Amino acid sequence: MRTDSSPGSLPAREHLPAAGAGTPVLDVVIPVYNEEKDLGPCVHRLHDHLTRTFPYAFRVTVADNASTDGTPHVAARLAADLPAVRSVRLEQKGRGRALRTVWSASEAPVLAYMDVDLSTDLNALLPLVAPLISGHSDLAIGSRLARSSRVVRGAKREFISRTYNLILRGSLQARFSDAQCGFKAIRRDVAQVLLPLVEDTGWFFDTEMLVLAERAGCRIHEVPVDWVDDPDSTVHIVRTAAEDLKGVWRVGKALATGSLPLDRLSRPFGDDPRDRDLTGVPQGLARQLVGFCVVGVLSTLFYLLLYSGFRHFAGSQLANALALLVSAVANTAANRRLTFGVRGRGGAVRHQAQGLVVFGIGLALTSGSLAALSAATADPDHSTELAVLIAANLAATVLRFLLFRAWVFPDAAPEAHPPVPRVPEHRLPEPHPTAAYRGRSDATVRRRPVRPADTDPRDAR
């Protein structure tokens with residue numbers, strides 16, 4: 001894993017500026033290796049779809065990965081016959097290498113790629129790139145595992161795909177749902193910063209890029225897709241899975257050892273609302289609440305264990321007071337460090353003293369609850385005592401958090417980042433005047449008749 005410095009921080013996320021004359025807004029890359037049979041129909045279908053439906057200038061780039069059949073000749077003929085189609089020849093194999101080469105040289109502000117088999121329904125292409133054009137997101141991926149996706153494929157591939165994504169979630173804490181779907185897009189300004197950090201040149205390229213993007217704070221947009229498995233796919237499943245697992249190990253090791261310079265990319269965008277210096281808005285409330293709840297649950301379990309132990313040789317009131325005292329000291333120390341982020345010993349004694357006052361309030365609530373229980377029942381069961389104490393502790397916990405935040409640790413909220421100057425938004429590129437829109441009314445465009453490609457792919461069975 002590389003340990004060199006990042007080439008720079010990511011830019012502020014903004015609406016894409018208008019492209020110059022002849023400059024495409026979208027560059028769709030089709031990496032191919034020995035695909036002379038499928039390449040022609042794929043490019044014709046994609047070019048026709050973009051001409052009819054995509055409202056901006058586009059380009060289709062065929063990236064030939066050192067093919068040994070007639071693929072280079074097919075690609076050259078397509079580039080000569082169709083406008084906005086070009087071909088690039090690479091003398092080394094590797095899908096990741098092809099994408100890195102083409103994306104790094106492209107001037108289009110939005111870069112995408114899809115597999116040559118076009119397993120993904122092309123109607124998802126505009127929803128895929130629209131959030132990148134608008135500046136809402138930095139990367140976009142098609143997901144076959146989303147709840148509303150419609151997928152037709154065998155049980156073997158389904159099992160492998162879901163297992164692989166579970167591995168990513170468990171080992172690399174990935175939050176995206178489908179790393180392997182060959183249908184992705186990225187903003188060029190983000191790609192220029194992320195691509196130098198991605199080492200893989202094969203099938204693991206997209207997974208590594210997504211993991212690094214997520215760790216860098218990029219927003220990843222997911223689009224549910226309609227997807228039909230290609231029975232003639234040449235992908236070697238076992239070999240690809242082995243290489244992917246090696247990549248997971250390599251990236252996980254780099255993240256664990258800190259050899260990746262992701263600190264240069266953390267909180268990269270100037271338009272992050274969490275970076276704004278807003279008056280009257282409490283900072284860090286959600287994080288503090290989560291931390292307090294975690295500490296509270298552990299403290300309650302600790303308290304109940306202590307109470308059950310003290311109850312063997314003391315009455316209920318004394319056992320409750322001792323258990324609450326010990327757990328309160330531990331609770332204050334844990335919240336001081338973990339929830340409110342107070343470092344060092346400064347003010348520790350004062351915080352513990354204030355915590356004991358909060359403890360006294362909790363003691364009054366729980367002791368009062370036990371007294372009320374004793375008044376209602378002469379000899380209550382131990383399980384009933386525990387139930388009453390749990391309810392009283394829940395009420396005391398809410399009050400404890402409010403007192404901790406407003407009185408004990410009032411100045412412990414995370415420091416706000418300095419405000420970032422707002423970047424003026426640019427206008428969208430003018431819609432591309434395709435022949436499909438010329439001379440047609442708005443009603444005609446909106447009421448496009450349903451084509452066979454619009455049907456549910458599950459009907460193909």
# chains A, B, ... in the order shown; residues from 1 in each chain; ligands from 1
$ select_by_dssp --residues "region 41-279 of chain A" --states "alpha helix (DSSP H)" --output "NGL selection string"
:A and (41-53 or 71-81 or 95-105 or 125-134 or 155-172 or 188-194 or 205-215 or 237-257)
$ closest_atom_pairs --of "region 355-391 of chain A" --to "region 310-324 of chain A" --cutoff "10 Å" --atoms "only C-alpha atoms" --output "JSON lines"
{"residue": "A:Phe359", "atom": "CA", "partner": "A:Leu324", "partner_atom": "CA", "distance": 7.4}
{"residue": "A:Gly360", "atom": "CA", "partner": "A:Leu324", "partner_atom": "CA", "distance": 9.2}
{"residue": "A:Gly362", "atom": "CA", "partner": "A:Leu324", "partner_atom": "CA", "distance": 8.2}
{"residue": "A:Leu363", "atom": "CA", "partner": "A:Ala321", "partner_atom": "CA", "distance": 6.8}
{"residue": "A:Ala364", "atom": "CA", "partner": "A:Ala321", "partner_atom": "CA", "distance": 9.7}
{"residue": "A:Thr366", "atom": "CA", "partner": "A:Asn320", "partner_atom": "CA", "distance": 8.0}
{"residue": "A:Ser367", "atom": "CA", "partner": "A:Gln317", "partner_atom": "CA", "distance": 6.7}
{"residue": "A:Gly368", "atom": "CA", "partner": "A:Gln317", "partner_atom": "CA", "distance": 9.8}
{"residue": "A:Leu370", "atom": "CA", "partner": "A:Gln317", "partner_atom": "CA", "distance": 7.6}
{"residue": "A:Ala371", "atom": "CA", "partner": "A:Gln317", "partner_atom": "CA", "distance": 8.6}
{"residue": "A:His382", "atom": "CA", "partner": "A:Ser316", "partner_atom": "CA", "distance": 9.6}
{"residue": "A:Glu385", "atom": "CA", "partner": "A:Ser316", "partner_atom": "CA", "distance": 8.7}
{"residue": "A:Leu389", "atom": "CA", "partner": "A:Asn320", "partner_atom": "CA", "distance": 8.9}
$ write_last_selection --atoms "N, CA, C and O atoms" --output "mmCIF file, in the first residue's frame"
data_model
loop_
_atom_site.group_PDB
_atom_site.id
_atom_site.type_symbol
_atom_site.label_atom_id
_atom_site.label_comp_id
_atom_site.auth_asym_id
_atom_site.auth_seq_id
_atom_site.Cartn_x
_atom_site.Cartn_y
_atom_site.Cartn_z
ATOM 1 N N PHE A 359 -25.482 12.348 41.118
ATOM 2 C CA PHE A 359 -25.717 11.058 41.755
ATOM 3 C C PHE A 359 -26.761 11.162 42.867
ATOM 4 O O PHE A 359 -27.632 10.304 43.024
ATOM 5 N N GLY A 360 -26.676 12.263 43.642
ATOM 6 C CA GLY A 360 -27.646 12.446 44.719
ATOM 7 C C GLY A 360 -29.066 12.548 44.185
ATOM 8 O O GLY A 360 -30.009 12.022 44.791
ATOM 9 N N GLY A 362 -30.132 11.149 41.391
ATOM 10 C CA GLY A 362 -30.494 9.792 40.994
ATOM 11 C C GLY A 362 -30.800 8.926 42.187
ATOM 12 O O GLY A 362 -31.717 8.082 42.152
ATOM 13 N N LEU A 363 -30.032 9.123 43.278
ATOM 14 C CA LEU A 363 -30.296 8.356 44.497
ATOM 15 C C LEU A 363 -31.673 8.677 45.060
ATOM 16 O O LEU A 363 -32.407 7.782 45.524
ATOM 17 N N ALA A 364 -32.042 9.960 44.992
ATOM 18 C CA ALA A 364 -33.361 10.339 45.496
ATOM 19 C C ALA A 364 -34.469 9.687 44.667
ATOM 20 O O ALA A 364 -35.480 9.212 45.209
ATOM 21 N N THR A 366 -34.263 6.820 42.811
ATOM 22 C CA THR A 366 -34.311 5.368 43.009
ATOM 23 C C THR A 366 -34.729 5.001 44.421
ATOM 24 O O THR A 366 -35.496 4.053 44.634
ATOM 25 N N SER A 367 -34.215 5.752 45.409
ATOM 26 C CA SER A 367 -34.606 5.462 46.791
ATOM 27 C C SER A 367 -36.080 5.740 47.001
ATOM 28 O O SER A 367 -36.780 4.991 47.703
ATOM 29 N N GLY A 368 -36.556 6.816 46.404
ATOM 30 C CA GLY A 368 -37.984 7.098 46.511
ATOM 31 C C GLY A 368 -38.829 6.012 45.876
ATOM 32 O O GLY A 368 -39.901 5.653 46.381
ATOM 33 N N LEU A 370 -37.960 2.814 45.647
ATOM 34 C CA LEU A 370 -37.935 1.656 46.554
ATOM 35 C C LEU A 370 -38.837 1.876 47.763
ATOM 36 O O LEU A 370 -39.509 0.946 48.229
ATOM 37 N N ALA A 371 -38.834 3.127 48.268
ATOM 38 C CA ALA A 371 -39.694 3.419 49.408
ATOM 39 C C ALA A 371 -41.176 3.273 49.028
ATOM 40 O O ALA A 371 -41.983 2.735 49.795
ATOM 41 N N HIS A 382 -37.441 -9.941 44.564
ATOM 42 C CA HIS A 382 -36.202 -9.329 44.071
ATOM 43 C C HIS A 382 -36.360 -8.872 42.618
ATOM 44 O O HIS A 382 -35.859 -7.810 42.236
ATOM 45 N N GLU A 385 -38.150 -5.591 42.595
ATOM 46 C CA GLU A 385 -37.248 -4.501 42.968
ATOM 47 C C GLU A 385 -36.393 -4.064 41.776
ATOM 48 O O GLU A 385 -36.219 -2.868 41.518
ATOM 49 N N LEU A 389 -36.268 -0.433 39.937
ATOM 50 C CA LEU A 389 -35.020 0.300 39.856
ATOM 51 C C LEU A 389 -34.650 0.636 38.414
ATOM 52 O O LEU A 389 -34.105 1.704 38.124
#
$ residues_around --residues "Phe176 (chain A)" --least-positions-apart "6" --cutoff "9 Å" --atoms "only C-alpha atoms" --output "list of chain:residue names"
A:Ile141, A:Ser143, A:Asn165, A:Arg169, A:Leu210, A:Val211, A:Glu214, A:Ile220, A:His221, A:Glu222
$ write_last_selection --atoms "all heavy atoms" --output "PDB file, in the first residue's frame"
ATOM      1  N   ILE A 141     -23.270   4.632  -7.519  1.00  0.00           N
ATOM      2  CA  ILE A 141     -23.132   3.222  -7.882  1.00  0.00           C
ATOM      3  C   ILE A 141     -24.517   2.630  -8.103  1.00  0.00           C
ATOM      4  O   ILE A 141     -25.488   3.005  -7.451  1.00  0.00           O
ATOM      5  CB  ILE A 141     -22.391   2.416  -6.801  1.00  0.00           C
ATOM      6  CG1 ILE A 141     -23.194   2.385  -5.493  1.00  0.00           C
ATOM      7  CG2 ILE A 141     -21.006   2.991  -6.559  1.00  0.00           C
ATOM      8  CD1 ILE A 141     -22.598   1.487  -4.428  1.00  0.00           C
ATOM      9  N   SER A 143     -26.927  -0.500  -7.581  1.00  0.00           N
ATOM     10  CA  SER A 143     -27.010  -1.537  -6.562  1.00  0.00           C
ATOM     11  C   SER A 143     -28.034  -2.594  -6.959  1.00  0.00           C
ATOM     12  O   SER A 143     -29.199  -2.287  -7.174  1.00  0.00           O
ATOM     13  CB  SER A 143     -27.391  -0.929  -5.205  1.00  0.00           C
ATOM     14  OG  SER A 143     -27.574  -1.957  -4.241  1.00  0.00           O
ATOM     15  N   ASN A 165     -20.161  -8.742  -0.052  1.00  0.00           N
ATOM     16  CA  ASN A 165     -20.527  -7.461   0.547  1.00  0.00           C
ATOM     17  C   ASN A 165     -20.639  -7.548   2.064  1.00  0.00           C
ATOM     18  O   ASN A 165     -20.361  -6.568   2.767  1.00  0.00           O
ATOM     19  CB  ASN A 165     -21.834  -6.956  -0.073  1.00  0.00           C
ATOM     20  CG  ASN A 165     -21.632  -6.382  -1.459  1.00  0.00           C
ATOM     21  OD1 ASN A 165     -21.191  -5.247  -1.632  1.00  0.00           O
ATOM     22  ND2 ASN A 165     -21.937  -7.177  -2.481  1.00  0.00           N
ATOM     23  N   ARG A 169     -18.513  -5.279   4.784  1.00  0.00           N
ATOM     24  CA  ARG A 169     -19.123  -4.594   5.926  1.00  0.00           C
ATOM     25  C   ARG A 169     -18.453  -4.998   7.235  1.00  0.00           C
ATOM     26  O   ARG A 169     -18.245  -4.168   8.127  1.00  0.00           O
ATOM     27  CB  ARG A 169     -20.623  -4.896   5.987  1.00  0.00           C
ATOM     28  CG  ARG A 169     -21.427  -4.201   4.908  1.00  0.00           C
ATOM     29  CD  ARG A 169     -22.891  -4.609   4.950  1.00  0.00           C
ATOM     30  NE  ARG A 169     -23.669  -3.880   3.961  1.00  0.00           N
ATOM     31  CZ  ARG A 169     -24.283  -2.739   4.193  1.00  0.00           C
ATOM     32  NH1 ARG A 169     -24.226  -2.205   5.396  1.00  0.00           N
ATOM     33  NH2 ARG A 169     -24.961  -2.131   3.252  1.00  0.00           N
ATOM     34  N   LEU A 210     -14.178   2.765  -3.671  1.00  0.00           N
ATOM     35  CA  LEU A 210     -15.337   3.081  -2.845  1.00  0.00           C
ATOM     36  C   LEU A 210     -14.977   3.136  -1.367  1.00  0.00           C
ATOM     37  O   LEU A 210     -15.453   4.015  -0.633  1.00  0.00           O
ATOM     38  CB  LEU A 210     -16.438   2.038  -3.080  1.00  0.00           C
ATOM     39  CG  LEU A 210     -17.155   2.096  -4.426  1.00  0.00           C
ATOM     40  CD1 LEU A 210     -18.100   0.909  -4.570  1.00  0.00           C
ATOM     41  CD2 LEU A 210     -17.929   3.394  -4.571  1.00  0.00           C
ATOM     42  N   VAL A 211     -14.155   2.196  -0.909  1.00  0.00           N
ATOM     43  CA  VAL A 211     -13.752   2.185   0.499  1.00  0.00           C
ATOM     44  C   VAL A 211     -12.976   3.452   0.844  1.00  0.00           C
ATOM     45  O   VAL A 211     -13.241   4.112   1.865  1.00  0.00           O
ATOM     46  CB  VAL A 211     -12.913   0.930   0.811  1.00  0.00           C
ATOM     47  CG1 VAL A 211     -12.289   1.034   2.204  1.00  0.00           C
ATOM     48  CG2 VAL A 211     -13.764  -0.321   0.724  1.00  0.00           C
ATOM     49  N   GLU A 214     -15.311   6.489   0.837  1.00  0.00           N
ATOM     50  CA  GLU A 214     -16.160   6.524   2.027  1.00  0.00           C
ATOM     51  C   GLU A 214     -15.364   6.987   3.241  1.00  0.00           C
ATOM     52  O   GLU A 214     -15.848   7.802   4.041  1.00  0.00           O
ATOM     53  CB  GLU A 214     -16.754   5.140   2.269  1.00  0.00           C
ATOM     54  CG  GLU A 214     -17.923   5.116   3.223  1.00  0.00           C
ATOM     55  CD  GLU A 214     -18.605   3.766   3.216  1.00  0.00           C
ATOM     56  OE1 GLU A 214     -17.966   2.773   3.663  1.00  0.00           O
ATOM     57  OE2 GLU A 214     -19.763   3.679   2.784  1.00  0.00           O
ATOM     58  N   ILE A 220     -21.689   8.908  -1.335  1.00  0.00           N
ATOM     59  CA  ILE A 220     -21.906   7.886  -2.359  1.00  0.00           C
ATOM     60  C   ILE A 220     -23.403   7.689  -2.540  1.00  0.00           C
ATOM     61  O   ILE A 220     -24.111   7.314  -1.605  1.00  0.00           O
ATOM     62  CB  ILE A 220     -21.221   6.564  -1.965  1.00  0.00           C
ATOM     63  CG1 ILE A 220     -19.713   6.776  -1.780  1.00  0.00           C
ATOM     64  CG2 ILE A 220     -21.475   5.497  -3.020  1.00  0.00           C
ATOM     65  CD1 ILE A 220     -18.985   5.542  -1.279  1.00  0.00           C
ATOM     66  N   HIS A 221     -23.857   7.944  -3.750  1.00  0.00           N
ATOM     67  CA  HIS A 221     -25.279   7.804  -4.079  1.00  0.00           C
ATOM     68  C   HIS A 221     -25.525   6.413  -4.671  1.00  0.00           C
ATOM     69  O   HIS A 221     -24.766   5.950  -5.517  1.00  0.00           O
ATOM     70  CB  HIS A 221     -25.692   8.885  -5.079  1.00  0.00           C
ATOM     71  CG  HIS A 221     -27.115   8.792  -5.528  1.00  0.00           C
ATOM     72  ND1 HIS A 221     -28.179   9.100  -4.720  1.00  0.00           N
ATOM     73  CD2 HIS A 221     -27.646   8.413  -6.725  1.00  0.00           C
ATOM     74  CE1 HIS A 221     -29.304   8.923  -5.392  1.00  0.00           C
ATOM     75  NE2 HIS A 221     -29.000   8.498  -6.604  1.00  0.00           N
ATOM     76  N   GLU A 222     -26.560   5.732  -4.202  1.00  0.00           N
ATOM     77  CA  GLU A 222     -26.877   4.391  -4.696  1.00  0.00           C
ATOM     78  C   GLU A 222     -28.188   4.415  -5.485  1.00  0.00           C
ATOM     79  O   GLU A 222     -29.165   5.038  -5.059  1.00  0.00           O
ATOM     80  CB  GLU A 222     -26.981   3.400  -3.547  1.00  0.00           C
ATOM     81  CG  GLU A 222     -25.667   3.206  -2.800  1.00  0.00           C
ATOM     82  CD  GLU A 222     -25.645   1.934  -1.977  1.00  0.00           C
ATOM     83  OE1 GLU A 222     -26.531   1.072  -2.174  1.00  0.00           O
ATOM     84  OE2 GLU A 222     -24.735   1.785  -1.137  1.00  0.00           O
TER      85      GLU A 222
END
$ closest_residue --among "A:Ala130, A:Ala98, A:Val60, A:Ala241" --to "Arg45 (chain A)" --atoms "only C-alpha atoms"
A:Val60
$ atom_distance --atom1 "CA of Phe159 (chain A)" --atom2 "CA of Leu245 (chain A)"
15.5 Å
$ residues_around --residues "Leu145 (chain A)" --least-positions-apart "2" --cutoff "9 Å" --atoms "only C-alpha atoms" --output "VMD selection string"
chain A and resid 143 147 to 151 161 to 162 177 to 178 224 to 225
$ write_last_selection --atoms "C-alpha atoms" --output "mmCIF file, in the first residue's frame"
data_model
loop_
_atom_site.group_PDB
_atom_site.id
_atom_site.type_symbol
_atom_site.label_atom_id
_atom_site.label_comp_id
_atom_site.auth_asym_id
_atom_site.auth_seq_id
_atom_site.Cartn_x
_atom_site.Cartn_y
_atom_site.Cartn_z
ATOM 1 C CA SER A 143 -27.010 -1.537 -6.562
ATOM 2 C CA ARG A 147 -34.760 -3.435 -1.761
ATOM 3 C CA SER A 148 -36.402 -2.085 -4.930
ATOM 4 C CA SER A 149 -33.877 -3.571 -7.393
ATOM 5 C CA ARG A 150 -35.152 -6.166 -9.880
ATOM 6 C CA VAL A 151 -32.512 -8.789 -10.526
ATOM 7 C CA SER A 161 -22.227 -11.270 -4.224
ATOM 8 C CA ARG A 162 -24.028 -11.056 -0.888
ATOM 9 C CA SER A 177 -24.511 -2.133 -0.489
ATOM 10 C CA ASP A 178 -23.049 -3.428 -3.786
ATOM 11 C CA PRO A 224 -31.519 0.549 -7.499
ATOM 12 C CA VAL A 225 -31.100 -1.137 -10.864
#
$ select_by_dssp --residues "region 19-139 of chain A" --states "strand (DSSP E)" --output "list in words"
Leu26, Asp27, Val28, Val29, Ile30, Pro31, Val32, Phe58, Arg59, Val60, Thr61, Val62, Ala63, Asp64, Asn65, Val85, Arg86, Ser87, Val88, Arg89, Leu90, Val110, Leu111, Ala112, Tyr113, Met114 and Leu139 of chain A
$ atom_distance --atom1 "CA of His49 (chain A)" --atom2 "CA of His136 (chain A)"
24.4 Å
$ atom_distance --atom1 "CA of Ala66 (chain A)" --atom2 "CA of Asn34 (chain A)"
8.3 Å
$ closest_residue --among "A:Asn331, A:Ala84, A:Thr101, A:Leu78" --to "Val294 (chain A)" --atoms "only C-alpha atoms"
A:Asn331
$ closest_residue --among "A:Leu386, A:Ala79, A:Val116, A:Ala256" --to "Ser308 (chain A)" --atoms "only C-alpha atoms"
A:Leu386
$ residues_around --residues "Gln354 (chain A)" --least-positions-apart "6" --cutoff "12 Å" --atoms "only C-alpha atoms" --output "MDAnalysis selection string"
chainID A and resid 328:329 332:333 336 347:348 360:361 400 403:409
$ residues_around --residues "Gln92 (chain A)" --least-positions-apart "2" --cutoff "9 Å" --atoms "only C-alpha atoms" --output "PyMOL selection string"
chain A and resi 65-67+90+94+97-98
